[in-house]
$ cat my_file.pdb   # PDB, C-alpha atoms
ATOM      1  CA  MET A   1    -109.628 105.523  -6.527  1.00  0.00           C
ATOM      2  CA  LYS A   2    -112.341 103.602  -4.709  1.00  0.00           C
ATOM      3  CA  LEU A   3    -112.856 100.036  -5.879  1.00  0.00           C
ATOM      4  CA  ASP A   4    -115.903  97.903  -5.254  1.00  0.00           C
ATOM      5  CA  LEU A   5    -114.036  94.607  -5.692  1.00  0.00           C
ATOM      6  CA  LEU A   6    -110.307  93.872  -5.500  1.00  0.00           C
ATOM      7  CA  ALA A   7    -108.744  90.460  -6.191  1.00  0.00           C
ATOM      8  CA  ILE A   8    -105.326  89.859  -4.617  1.00  0.00           C
ATOM      9  CA  ALA A   9    -103.160  86.966  -5.819  1.00  0.00           C
ATOM     10  CA  ALA A  10     -99.580  85.774  -5.713  1.00  0.00           C
ATOM     11  CA  HIS A  11     -98.803  85.614  -9.444  1.00  0.00           C
ATOM     12  CA  PRO A  12    -100.001  87.043 -12.754  1.00  0.00           C
ATOM     13  CA  ASP A  13    -102.660  84.639 -14.147  1.00  0.00           C
ATOM     14  CA  ASP A  14    -103.764  83.428 -10.679  1.00  0.00           C
ATOM     15  CA  VAL A  15    -106.773  85.745 -10.683  1.00  0.00           C
ATOM     16  CA  GLU A  16    -107.768  84.746 -14.211  1.00  0.00           C
ATOM     17  CA  LEU A  17    -107.703  81.069 -13.227  1.00  0.00           C
ATOM     18  CA  THR A  18    -109.606  81.470  -9.966  1.00  0.00           C
ATOM     19  CA  CYS A  19    -112.062  84.363 -10.088  1.00  0.00           C
ATOM     20  CA  GLY A  20    -111.831  85.987 -13.517  1.00  0.00           C
ATOM     21  CA  GLY A  21    -115.465  85.254 -14.304  1.00  0.00           C
ATOM     22  CA  THR A  22    -116.589  86.882 -11.079  1.00  0.00           C
ATOM     23  CA  LEU A  23    -114.620  90.038 -11.915  1.00  0.00           C
ATOM     24  CA  LEU A  24    -116.185  90.133 -15.365  1.00  0.00           C
ATOM     25  CA  LYS A  25    -119.658  89.731 -13.928  1.00  0.00           C
ATOM     26  CA  ALA A  26    -119.032  92.459 -11.355  1.00  0.00           C
ATOM     27  CA  ALA A  27    -117.824  94.846 -14.062  1.00  0.00           C
ATOM     28  CA  ASP A  28    -120.945  94.063 -16.090  1.00  0.00           C
ATOM     29  CA  GLN A  29    -123.039  94.914 -13.018  1.00  0.00           C
ATOM     30  CA  GLY A  30    -121.441  98.348 -12.949  1.00  0.00           C
ATOM     31  CA  TYR A  31    -118.916  97.751 -10.180  1.00  0.00           C
ATOM     32  CA  LYS A  32    -115.378  99.101 -10.306  1.00  0.00           C
ATOM     33  CA  THR A  33    -112.972  96.152 -10.074  1.00  0.00           C
ATOM     34  CA  GLY A  34    -109.221  95.728  -9.649  1.00  0.00           C
ATOM     35  CA  ILE A  35    -106.394  93.218  -9.396  1.00  0.00           C
ATOM     36  CA  LEU A  36    -103.339  93.364  -7.152  1.00  0.00           C
ATOM     37  CA  ASP A  37    -100.649  90.870  -8.195  1.00  0.00           C
ATOM     38  CA  LEU A  38     -98.052  90.423  -5.487  1.00  0.00           C
ATOM     39  CA  THR A  39     -95.179  89.087  -7.631  1.00  0.00           C
ATOM     40  CA  ALA A  40     -94.202  89.215 -11.293  1.00  0.00           C
ATOM     41  CA  GLY A  41     -93.731  85.434 -11.444  1.00  0.00           C
ATOM     42  CA  GLU A  42     -90.025  85.788 -12.096  1.00  0.00           C
ATOM     43  CA  MET A  43     -89.260  82.293 -10.784  1.00  0.00           C
ATOM     44  CA  GLY A  44     -91.589  80.670 -13.309  1.00  0.00           C
ATOM     45  CA  THR A  45     -90.145  78.243 -15.840  1.00  0.00           C
ATOM     46  CA  ARG A  46     -91.481  80.127 -18.857  1.00  0.00           C
ATOM     47  CA  GLY A  47     -91.608  83.799 -19.718  1.00  0.00           C
ATOM     48  CA  THR A  48     -89.890  86.824 -18.239  1.00  0.00           C
ATOM     49  CA  PRO A  49     -91.325  89.255 -15.668  1.00  0.00           C
ATOM     50  CA  GLU A  50     -91.623  91.888 -18.395  1.00  0.00           C
ATOM     51  CA  THR A  51     -93.515  89.477 -20.664  1.00  0.00           C
ATOM     52  CA  ARG A  52     -95.876  88.427 -17.894  1.00  0.00           C
ATOM     53  CA  LEU A  53     -96.601  92.043 -16.980  1.00  0.00           C
ATOM     54  CA  LYS A  54     -97.586  92.744 -20.594  1.00  0.00           C
ATOM     55  CA  GLU A  55     -99.753  89.633 -20.633  1.00  0.00           C
ATOM     56  CA  ALA A  56    -101.366  90.708 -17.342  1.00  0.00           C
ATOM     57  CA  ALA A  57    -102.221  94.092 -18.852  1.00  0.00           C
ATOM     58  CA  LYS A  58    -103.865  92.400 -21.842  1.00  0.00           C
ATOM     59  CA  ALA A  59    -105.815  90.067 -19.569  1.00  0.00           C
ATOM     60  CA  ALA A  60    -106.936  93.039 -17.465  1.00  0.00           C
ATOM     61  CA  ARG A  61    -108.457  94.666 -20.541  1.00  0.00           C
ATOM     62  CA  ILE A  62    -110.362  91.481 -21.326  1.00  0.00           C
ATOM     63  CA  LEU A  63    -111.601  91.288 -17.720  1.00  0.00           C
ATOM     64  CA  ARG A  64    -112.578  94.990 -17.880  1.00  0.00           C
ATOM     65  CA  VAL A  65    -110.875  95.799 -14.590  1.00  0.00           C
ATOM     66  CA  ALA A  66    -110.519  99.471 -13.717  1.00  0.00           C
ATOM     67  CA  HIS A  67    -107.106  99.047 -12.105  1.00  0.00           C
ATOM     68  CA  ARG A  68    -104.296  96.485 -12.057  1.00  0.00           C
ATOM     69  CA  GLU A  69    -100.864  96.733 -10.504  1.00  0.00           C
ATOM     70  CA  ASN A  70     -97.996  94.519  -9.391  1.00  0.00           C
ATOM     71  CA  LEU A  71     -96.203  94.946  -6.060  1.00  0.00           C
ATOM     72  CA  ARG A  72     -93.098  93.088  -7.342  1.00  0.00           C
ATOM     73  CA  LEU A  73     -92.638  91.179  -4.105  1.00  0.00           C
ATOM     74  CA  PRO A  74     -90.205  88.244  -4.492  1.00  0.00           C
ATOM     75  CA  ASP A  75     -91.695  85.271  -6.332  1.00  0.00           C
ATOM     76  CA  ALA A  76     -91.233  81.898  -4.568  1.00  0.00           C
ATOM     77  CA  HIS A  77     -90.127  83.899  -1.516  1.00  0.00           C
ATOM     78  CA  LEU A  78     -93.465  85.436  -0.604  1.00  0.00           C
ATOM     79  CA  GLU A  79     -93.279  85.587   3.170  1.00  0.00           C
ATOM     80  CA  VAL A  80     -95.473  86.944   5.943  1.00  0.00           C
ATOM     81  CA  THR A  81     -93.326  89.890   7.002  1.00  0.00           C
ATOM     82  CA  GLN A  82     -94.168  93.348   8.270  1.00  0.00           C
ATOM     83  CA  LYS A  83     -92.779  94.792   5.041  1.00  0.00           C
ATOM     84  CA  SER A  84     -95.063  92.704   2.832  1.00  0.00           C
ATOM     85  CA  LYS A  85     -98.108  93.381   5.004  1.00  0.00           C
ATOM     86  CA  ILE A  86     -97.439  97.121   4.985  1.00  0.00           C
ATOM     87  CA  ALA A  87     -97.061  97.054   1.193  1.00  0.00           C
ATOM     88  CA  ILE A  88    -100.592  95.669   0.908  1.00  0.00           C
ATOM     89  CA  ALA A  89    -101.967  97.934   3.639  1.00  0.00           C
ATOM     90  CA  GLU A  90    -100.787 100.985   1.700  1.00  0.00           C
ATOM     91  CA  ARG A  91    -102.561  99.822  -1.447  1.00  0.00           C
ATOM     92  CA  ILE A  92    -105.736  99.006   0.476  1.00  0.00           C
ATOM     93  CA  ARG A  93    -105.802 102.557   1.787  1.00  0.00           C
ATOM     94  CA  ALA A  94    -105.248 103.912  -1.707  1.00  0.00           C
ATOM     95  CA  LEU A  95    -107.759 101.681  -3.525  1.00  0.00           C
ATOM     96  CA  LYS A  96    -110.380 101.440  -0.741  1.00  0.00           C
ATOM     97  CA  PRO A  97    -112.040  98.190  -1.899  1.00  0.00           C
ATOM     98  CA  GLN A  98    -115.400  97.279  -0.407  1.00  0.00           C
ATOM     99  CA  THR A  99    -114.774  93.560  -1.004  1.00  0.00           C
ATOM    100  CA  VAL A 100    -111.470  91.709  -1.342  1.00  0.00           C
ATOM    101  CA  ILE A 101    -110.918  88.261  -2.868  1.00  0.00           C
ATOM    102  CA  LEU A 102    -107.934  86.311  -1.518  1.00  0.00           C
ATOM    103  CA  PRO A 103    -106.509  82.880  -2.346  1.00  0.00           C
ATOM    104  CA  TYR A 104    -107.595  80.026  -0.105  1.00  0.00           C
ATOM    105  CA  TRP A 105    -105.465  79.821   3.043  1.00  0.00           C
ATOM    106  CA  ASP A 106    -104.163  76.297   2.392  1.00  0.00           C
ATOM    107  CA  GLY A 107    -102.532  74.604  -0.593  1.00  0.00           C
ATOM    108  CA  ARG A 108     -99.443  73.193  -2.295  1.00  0.00           C
ATOM    109  CA  HIS A 109     -97.723  76.425  -3.317  1.00  0.00           C
ATOM    110  CA  PRO A 110     -96.364  78.449  -0.351  1.00  0.00           C
ATOM    111  CA  ASP A 111     -96.834  81.708  -2.271  1.00  0.00           C
ATOM    112  CA  HIS A 112    -100.573  81.052  -2.515  1.00  0.00           C
ATOM    113  CA  TYR A 113    -101.314  80.387   1.129  1.00  0.00           C
ATOM    114  CA  ASN A 114     -98.867  83.083   2.218  1.00  0.00           C
ATOM    115  CA  ALA A 115    -100.677  85.523  -0.076  1.00  0.00           C
ATOM    116  CA  ALA A 116    -103.890  84.713   1.803  1.00  0.00           C
ATOM    117  CA  ARG A 117    -102.355  85.551   5.160  1.00  0.00           C
ATOM    118  CA  ILE A 118    -100.436  88.604   3.940  1.00  0.00           C
ATOM    119  CA  GLY A 119    -103.578  89.856   2.250  1.00  0.00           C
ATOM    120  CA  TYR A 120    -105.749  89.417   5.319  1.00  0.00           C
ATOM    121  CA  GLU A 121    -103.259  91.006   7.705  1.00  0.00           C
ATOM    122  CA  GLY A 122    -102.565  93.821   5.250  1.00  0.00           C
ATOM    123  CA  CYS A 123    -106.300  94.561   5.092  1.00  0.00           C
ATOM    124  CA  PHE A 124    -106.451  94.588   8.879  1.00  0.00           C
ATOM    125  CA  LEU A 125    -103.438  96.858   9.305  1.00  0.00           C
ATOM    126  CA  ALA A 126    -104.836  99.311   6.771  1.00  0.00           C
ATOM    127  CA  GLY A 127    -107.610 100.100   9.220  1.00  0.00           C
ATOM    128  CA  LEU A 128    -105.355 101.089  12.111  1.00  0.00           C
ATOM    129  CA  LYS A 129    -105.502 104.880  12.412  1.00  0.00           C
ATOM    130  CA  GLN A 130    -102.216 105.061  14.301  1.00  0.00           C
ATOM    131  CA  LEU A 131    -100.273 103.063  11.720  1.00  0.00           C
ATOM    132  CA  PRO A 132     -97.762 105.558  10.255  1.00  0.00           C
ATOM    133  CA  ILE A 133     -98.278 104.867   6.562  1.00  0.00           C
ATOM    134  CA  GLN A 134     -99.640 107.016   3.761  1.00  0.00           C
ATOM    135  CA  GLY A 135    -103.390 107.470   3.395  1.00  0.00           C
ATOM    136  CA  GLU A 136    -106.406 107.502   5.668  1.00  0.00           C
ATOM    137  CA  ALA A 137    -107.258 104.410   7.681  1.00  0.00           C
ATOM    138  CA  PHE A 138    -109.519 102.078   5.717  1.00  0.00           C
ATOM    139  CA  ARG A 139    -110.562  98.449   6.042  1.00  0.00           C
ATOM    140  CA  PRO A 140    -112.541  96.373   3.494  1.00  0.00           C
ATOM    141  CA  PHE A 141    -116.009  95.291   4.594  1.00  0.00           C
ATOM    142  CA  LYS A 142    -115.917  91.743   3.219  1.00  0.00           C
ATOM    143  CA  ILE A 143    -113.134  89.246   2.516  1.00  0.00           C
ATOM    144  CA  LEU A 144    -113.790  86.246   0.272  1.00  0.00           C
ATOM    145  CA  TYR A 145    -111.509  83.269  -0.350  1.00  0.00           C
ATOM    146  CA  SER A 146    -111.358  81.567  -3.736  1.00  0.00           C
ATOM    147  CA  THR A 147    -111.456  77.771  -3.351  1.00  0.00           C
ATOM    148  CA  VAL A 148    -111.537  76.839  -7.032  1.00  0.00           C
ATOM    149  CA  TYR A 149    -108.723  74.255  -6.737  1.00  0.00           C
ATOM    150  CA  TYR A 150    -109.898  72.676  -3.475  1.00  0.00           C
ATOM    151  CA  ARG A 151    -112.869  70.472  -4.225  1.00  0.00           C
ATOM    152  CA  GLU A 152    -112.600  68.894  -0.768  1.00  0.00           C
ATOM    153  CA  VAL A 153    -113.590  72.301   0.642  1.00  0.00           C
ATOM    154  CA  ARG A 154    -117.316  73.018   0.510  1.00  0.00           C
ATOM    155  CA  PRO A 155    -117.740  76.626  -0.652  1.00  0.00           C
ATOM    156  CA  THR A 156    -119.992  79.055   1.175  1.00  0.00           C
ATOM    157  CA  PHE A 157    -121.449  80.075  -2.189  1.00  0.00           C
ATOM    158  CA  VAL A 158    -120.706  80.045  -5.913  1.00  0.00           C
ATOM    159  CA  VAL A 159    -121.030  82.765  -8.538  1.00  0.00           C
ATOM    160  CA  ASP A 160    -122.761  81.854 -11.792  1.00  0.00           C
ATOM    161  CA  ILE A 161    -120.296  82.804 -14.552  1.00  0.00           C
ATOM    162  CA  SER A 162    -122.018  80.981 -17.414  1.00  0.00           C
ATOM    163  CA  ARG A 163    -122.335  84.159 -19.514  1.00  0.00           C
ATOM    164  CA  TYR A 164    -118.698  85.062 -18.869  1.00  0.00           C
ATOM    165  CA  TYR A 165    -116.922  81.735 -19.196  1.00  0.00           C
ATOM    166  CA  ASP A 166    -115.633  82.279 -22.745  1.00  0.00           C
ATOM    167  CA  ARG A 167    -114.256  85.742 -21.979  1.00  0.00           C
ATOM    168  CA  ARG A 168    -112.673  84.457 -18.801  1.00  0.00           C
ATOM    169  CA  TYR A 169    -110.966  81.728 -20.847  1.00  0.00           C
ATOM    170  CA  SER A 170    -109.739  84.352 -23.322  1.00  0.00           C
ATOM    171  CA  ALA A 171    -108.153  86.224 -20.408  1.00  0.00           C
ATOM    172  CA  ILE A 172    -106.364  83.039 -19.344  1.00  0.00           C
ATOM    173  CA  LEU A 173    -105.038  82.528 -22.869  1.00  0.00           C
ATOM    174  CA  ALA A 174    -103.634  86.061 -22.826  1.00  0.00           C
ATOM    175  CA  TYR A 175    -100.702  84.471 -20.993  1.00  0.00           C
ATOM    176  CA  HIS A 176     -99.056  83.093 -24.105  1.00  0.00           C
ATOM    177  CA  SER A 177     -95.757  82.508 -22.316  1.00  0.00           C
ATOM    178  CA  GLN A 178     -97.439  80.142 -19.875  1.00  0.00           C
ATOM    179  CA  PHE A 179    -100.031  78.324 -21.953  1.00  0.00           C
ATOM    180  CA  ARG A 180     -98.895  78.796 -25.545  1.00  0.00           C
ATOM    181  CA  PRO A 181     -95.103  78.823 -25.198  1.00  0.00           C
ATOM    182  CA  LYS A 182     -92.782  78.835 -28.173  1.00  0.00           C
ATOM    183  CA  ALA A 183     -90.949  75.576 -28.786  1.00  0.00           C
ATOM    184  CA  LYS A 184     -87.651  76.924 -27.446  1.00  0.00           C
ATOM    185  CA  ASP A 185     -89.342  77.967 -24.180  1.00  0.00           C
ATOM    186  CA  LYS A 186     -91.092  74.673 -23.457  1.00  0.00           C
ATOM    187  CA  LYS A 187     -89.997  72.557 -20.506  1.00  0.00           C
ATOM    188  CA  SER A 188     -91.528  69.110 -20.776  1.00  0.00           C
ATOM    189  CA  LYS A 189     -91.597  68.480 -17.037  1.00  0.00           C
ATOM    190  CA  VAL A 190     -93.952  71.346 -16.332  1.00  0.00           C
ATOM    191  CA  ASP A 191     -95.528  72.000 -19.712  1.00  0.00           C
ATOM    192  CA  ILE A 192     -99.328  72.405 -19.693  1.00  0.00           C
ATOM    193  CA  PRO A 193    -100.713  71.335 -23.095  1.00  0.00           C
ATOM    194  CA  LEU A 194    -103.452  73.649 -24.334  1.00  0.00           C
ATOM    195  CA  ASP A 195    -105.965  70.804 -24.650  1.00  0.00           C
ATOM    196  CA  ARG A 196    -105.320  69.780 -21.040  1.00  0.00           C
ATOM    197  CA  LEU A 197    -105.689  73.377 -19.855  1.00  0.00           C
ATOM    198  CA  HIS A 198    -108.983  73.710 -21.699  1.00  0.00           C
ATOM    199  CA  HIS A 199    -110.226  70.433 -20.230  1.00  0.00           C
ATOM    200  CA  GLU A 200    -109.268  71.282 -16.652  1.00  0.00           C
ATOM    201  CA  VAL A 201    -110.596  74.851 -16.709  1.00  0.00           C
ATOM    202  CA  ASN A 202    -113.843  73.653 -18.254  1.00  0.00           C
ATOM    203  CA  LEU A 203    -114.195  70.689 -15.902  1.00  0.00           C
ATOM    204  CA  ILE A 204    -113.667  72.705 -12.714  1.00  0.00           C
ATOM    205  CA  ALA A 205    -116.076  75.472 -13.744  1.00  0.00           C
ATOM    206  CA  ARG A 206    -118.675  72.897 -14.774  1.00  0.00           C
ATOM    207  CA  TYR A 207    -118.263  71.022 -11.488  1.00  0.00           C
ATOM    208  CA  TYR A 208    -119.068  74.075  -9.385  1.00  0.00           C
ATOM    209  CA  GLY A 209    -121.803  75.071 -11.808  1.00  0.00           C
ATOM    210  CA  HIS A 210    -123.374  71.633 -11.395  1.00  0.00           C
ATOM    211  CA  LEU A 211    -123.500  72.103  -7.618  1.00  0.00           C
ATOM    212  CA  ALA A 212    -125.671  75.192  -8.109  1.00  0.00           C
ATOM    213  CA  GLY A 213    -127.662  74.062 -11.133  1.00  0.00           C
ATOM    214  CA  VAL A 214    -125.967  76.362 -13.635  1.00  0.00           C
ATOM    215  CA  GLU A 215    -123.513  75.742 -16.469  1.00  0.00           C
ATOM    216  CA  TYR A 216    -120.346  77.346 -15.057  1.00  0.00           C
ATOM    217  CA  ALA A 217    -119.521  78.784 -11.625  1.00  0.00           C
ATOM    218  CA  GLU A 218    -116.656  79.933  -9.388  1.00  0.00           C
ATOM    219  CA  PRO A 219    -116.600  78.978  -5.671  1.00  0.00           C
ATOM    220  CA  PHE A 220    -115.906  81.176  -2.656  1.00  0.00           C
ATOM    221  CA  LEU A 221    -115.570  80.669   1.076  1.00  0.00           C
ATOM    222  CA  THR A 222    -116.123  83.079   3.945  1.00  0.00           C
ATOM    223  CA  ARG A 223    -114.943  82.626   7.516  1.00  0.00           C
ATOM    224  CA  GLU A 224    -117.999  84.380   8.899  1.00  0.00           C
ATOM    225  CA  VAL A 225    -121.654  83.328   8.702  1.00  0.00           C
ATOM    226  CA  MET A 226    -123.548  84.747   5.734  1.00  0.00           C
ATOM    227  CA  GLN A 227    -126.835  86.565   6.336  1.00  0.00           C
ATOM    228  CA  VAL A 228    -129.950  86.137   4.204  1.00  0.00           C
ATOM    229  CA  GLU A 229    -132.851  88.607   4.201  1.00  0.00           C
ATOM    230  CA  ASP A 230    -135.392  86.761   2.032  1.00  0.00           C
ATOM    231  CA  VAL A 231    -135.576  82.993   2.551  1.00  0.00           C
ATOM    232  CA  VAL A 232    -138.416  82.701   0.016  1.00  0.00           C
ATOM    233  CA  LYS A 233    -136.237  83.883  -2.879  1.00  0.00           C
ATOM    234  CA  LEU A 234    -133.122  81.821  -2.165  1.00  0.00           C
ATOM    235  CA  PRO A 235    -131.583  80.435  -5.370  1.00  0.00           C
ATOM    236  CA  VAL A 236    -130.528  76.778  -6.012  1.00  0.00           C
ATOM    237  CA  ARG A 237    -133.219  74.094  -5.783  1.00  0.00           C
ATOM    238  CA  SER A 238    -133.105  71.729  -2.795  1.00  0.00           C
ATOM    239  CA  ILE A 239    -135.170  68.831  -4.227  1.00  0.00           C
TER     240      ILE A 239
END

$ encode --input "my_file.pdb" --output "structure tokens"
Amino acid sequence: MKLDLLAIAAHPDDVELTCGGTLLKAADQGYKTGILDLTAGEMGTRGTPETRLKEAAKAARILRVAHRENLRLPDAHLEVTQKSKIAIAERIRALKPQTVILPYWDGRHPDHYNAARIGYEGCFLAGLKQLPIQGEAFRPFKILYSTVYYREVRPTFVVDISRYYDRRYSAILAYHSQFRPKAKDKKSKVDIPLDRLHHEVNLIARYYGHLAGVEYAEPFLTREVMQVEDVVKLPVRSI
């Protein structure tokens, strides 16, 4: 399989919350997309790994991704080790993504920022011809970082997801165990009421949309300088 766009994240539902609209838009543009979840979220307060895997499969259908898999690395113990980097490198060689989306490299949850580093180093290792792992050497061309939860970070660009916002939200709600838990599964200290979830998801997408003059958007950061070929047709009004 050769993917055009692969999103890598620490837990099931991370991709839906950060770049689900971008995946939907890419699929609508004819690109082959995929998701690589690193853990099954087994340390989460609600739901079981089996339940979350089923929910992830449902969300994948809504997002129209061509491929989704879970590496089952240890949740809450996601560490930058050679084993974890090799696990990603092997999948990069197998899936051959042109572009990879990673979590932002800083944040509150160690799994998230460790996923960024593991993902980057795994992509790099995948391109080493002498590395004795399965598959031919391959390295993605572009790596993007999702900064949706870091409004203090100015994104390099945003993707207009206005046409895809509702479907993206449906993919988020596919995780019933997390956002629509049964009464016996609720834990008041970490419960996320559905009205609060709706408000926050809507507010964040509108915020980044406002920056670019559209209704809803998702933000991304690149470490390298972006190149523009046509300065006359640049989007987003300056004045």

$ atom_distance --input "my_file.pdb" --atom1 "atom CA of A:Arg168" --atom2 "atom CA of A:Tyr120"
25.6 Å

$ resolve_selection --input "my_file.pdb" --expression "the PyMOL selection byres ((chain A and resi 142) around 9)" --output "MDAnalysis selection string"
chainID A and resid 98:101 140:141 143:144 222

$ closest_residue --input "my_file.pdb" --among "A:His11, A:Lys25, A:Lys83, A:Arg117" --to "A:Gly44" --atoms "all atoms listed in the file"
A:His11

$ closest_residue --input "my_file.pdb" --among "A:His109, A:Arg237, A:His176, A:Lys85" --to "A:Ile133" --atoms "all atoms listed in the file"
A:Lys85

$ atom_distance --input "my_file.pdb" --atom1 "atom CA of A:Gly209" --atom2 "atom CA of A:Ser238"
14.8 Å

$ resolve_selection --input "my_file.pdb" --expression "the PyMOL selection byres ((chain A and resi 157-162) around 9)" --output "PyMOL selection string"
chain A and resi 21-22+24-25+154-156+163-166+168+205+208-209+211-212+214-222

$ atom_distance --input "my_file.pdb" --atom1 "atom CA of A:Ile204" --atom2 "atom CA of A:Leu102"
18.5 Å

$ residues_around --input "my_file.pdb" --residues "A:Arg91" --least-positions-apart "4" --cutoff "12 Å" --atoms "all atoms listed in the file" --output "number ranges by chain"
A: 1-3, 6, 8, 34-38, 67-71, 84-87, 95-97, 119, 122-123, 125-127, 133-140

$ write_last_selection --input "my_file.pdb" --atoms "C-alpha atoms" --output "mmCIF file, keeping the file's coordinate frame"
data_model
loop_
_atom_site.group_PDB
_atom_site.id
_atom_site.type_symbol
_atom_site.label_atom_id
_atom_site.label_comp_id
_atom_site.auth_asym_id
_atom_site.auth_seq_id
_atom_site.Cartn_x
_atom_site.Cartn_y
_atom_site.Cartn_z
ATOM 1 C CA MET A 1 -109.628 105.523 -6.527
ATOM 2 C CA LYS A 2 -112.341 103.602 -4.709
ATOM 3 C CA LEU A 3 -112.856 100.036 -5.879
ATOM 4 C CA LEU A 6 -110.307 93.872 -5.500
ATOM 5 C CA ILE A 8 -105.326 89.859 -4.617
ATOM 6 C CA GLY A 34 -109.221 95.728 -9.649
ATOM 7 C CA ILE A 35 -106.394 93.218 -9.396
ATOM 8 C CA LEU A 36 -103.339 93.364 -7.152
ATOM 9 C CA ASP A 37 -100.649 90.870 -8.195
ATOM 10 C CA LEU A 38 -98.052 90.423 -5.487
ATOM 11 C CA HIS A 67 -107.106 99.047 -12.105
ATOM 12 C CA ARG A 68 -104.296 96.485 -12.057
ATOM 13 C CA GLU A 69 -100.864 96.733 -10.504
ATOM 14 C CA ASN A 70 -97.996 94.519 -9.391
ATOM 15 C CA LEU A 71 -96.203 94.946 -6.060
ATOM 16 C CA SER A 84 -95.063 92.704 2.832
ATOM 17 C CA LYS A 85 -98.108 93.381 5.004
ATOM 18 C CA ILE A 86 -97.439 97.121 4.985
ATOM 19 C CA ALA A 87 -97.061 97.054 1.193
ATOM 20 C CA LEU A 95 -107.759 101.681 -3.525
ATOM 21 C CA LYS A 96 -110.380 101.440 -0.741
ATOM 22 C CA PRO A 97 -112.040 98.190 -1.899
ATOM 23 C CA GLY A 119 -103.578 89.856 2.250
ATOM 24 C CA GLY A 122 -102.565 93.821 5.250
ATOM 25 C CA CYS A 123 -106.300 94.561 5.092
ATOM 26 C CA LEU A 125 -103.438 96.858 9.305
ATOM 27 C CA ALA A 126 -104.836 99.311 6.771
ATOM 28 C CA GLY A 127 -107.610 100.100 9.220
ATOM 29 C CA ILE A 133 -98.278 104.867 6.562
ATOM 30 C CA GLN A 134 -99.640 107.016 3.761
ATOM 31 C CA GLY A 135 -103.390 107.470 3.395
ATOM 32 C CA GLU A 136 -106.406 107.502 5.668
ATOM 33 C CA ALA A 137 -107.258 104.410 7.681
ATOM 34 C CA PHE A 138 -109.519 102.078 5.717
ATOM 35 C CA ARG A 139 -110.562 98.449 6.042
ATOM 36 C CA PRO A 140 -112.541 96.373 3.494
#

$ resolve_selection --input "my_file.pdb" --expression "the PyMOL selection byres ((chain A and resi 59-65) around 6)" --output "PyMOL selection string"
chain A and resi 24+33-34+56-58+66-67+171+174

$ decode --input "my_file.pdb" --residues "stretch 46-59 of chain A" --atoms "N, CA and C atoms" --output "JSON list (two decimals), in the first residue's frame"
[["chain", "number", "residue", "atom", "x", "y", "z"],
["A", 46, "ARG", "N", -12.35, 5.59, 30.81],
["A", 46, "ARG", "CA", -13.57, 4.97, 30.29],
["A", 46, "ARG", "C", -13.26, 4.09, 29.09],
["A", 47, "GLY", "N", -14.02, 3.03, 28.96],
["A", 47, "GLY", "CA", -13.90, 2.15, 27.80],
["A", 47, "GLY", "C", -12.76, 1.16, 27.93],
["A", 48, "THR", "N", -12.84, 0.10, 27.17],
["A", 48, "THR", "CA", -11.80, -0.92, 27.13],
["A", 48, "THR", "C", -11.03, -0.79, 25.82],
["A", 49, "PRO", "N", -9.84, -1.37, 25.74],
["A", 49, "PRO", "CA", -9.10, -1.33, 24.47],
["A", 49, "PRO", "C", -9.91, -1.90, 23.31],
["A", 50, "GLU", "N", -10.64, -2.99, 23.57],
["A", 50, "GLU", "CA", -11.44, -3.61, 22.52],
["A", 50, "GLU", "C", -12.54, -2.66, 22.03],
["A", 51, "THR", "N", -13.19, -1.98, 23.00],
["A", 51, "THR", "CA", -14.24, -1.03, 22.65],
["A", 51, "THR", "C", -13.68, 0.12, 21.83],
["A", 52, "ARG", "N", -12.54, 0.64, 22.24],
["A", 52, "ARG", "CA", -11.96, 1.78, 21.55],
["A", 52, "ARG", "C", -11.47, 1.41, 20.15],
["A", 53, "LEU", "N", -11.03, 0.17, 19.98],
["A", 53, "LEU", "CA", -10.63, -0.27, 18.64],
["A", 53, "LEU", "C", -11.83, -0.33, 17.71],
["A", 54, "LYS", "N", -12.97, -0.80, 18.23],
["A", 54, "LYS", "CA", -14.19, -0.84, 17.43],
["A", 54, "LYS", "C", -14.65, 0.57, 17.09],
["A", 55, "GLU", "N", -14.56, 1.47, 18.06],
["A", 55, "GLU", "CA", -14.94, 2.85, 17.82],
["A", 55, "GLU", "C", -14.02, 3.50, 16.78],
["A", 56, "ALA", "N", -12.72, 3.17, 16.86],
["A", 56, "ALA", "CA", -11.75, 3.71, 15.90],
["A", 56, "ALA", "C", -12.07, 3.23, 14.49],
["A", 57, "ALA", "N", -12.49, 1.98, 14.36],
["A", 57, "ALA", "CA", -12.85, 1.45, 13.04],
["A", 57, "ALA", "C", -14.07, 2.18, 12.48],
["A", 58, "LYS", "N", -15.05, 2.45, 13.34],
["A", 58, "LYS", "CA", -16.23, 3.20, 12.89],
["A", 58, "LYS", "C", -15.85, 4.61, 12.47],
["A", 59, "ALA", "N", -15.01, 5.26, 13.27],
["A", 59, "ALA", "CA", -14.57, 6.61, 12.94],
["A", 59, "ALA", "C", -13.79, 6.63, 11.63]]
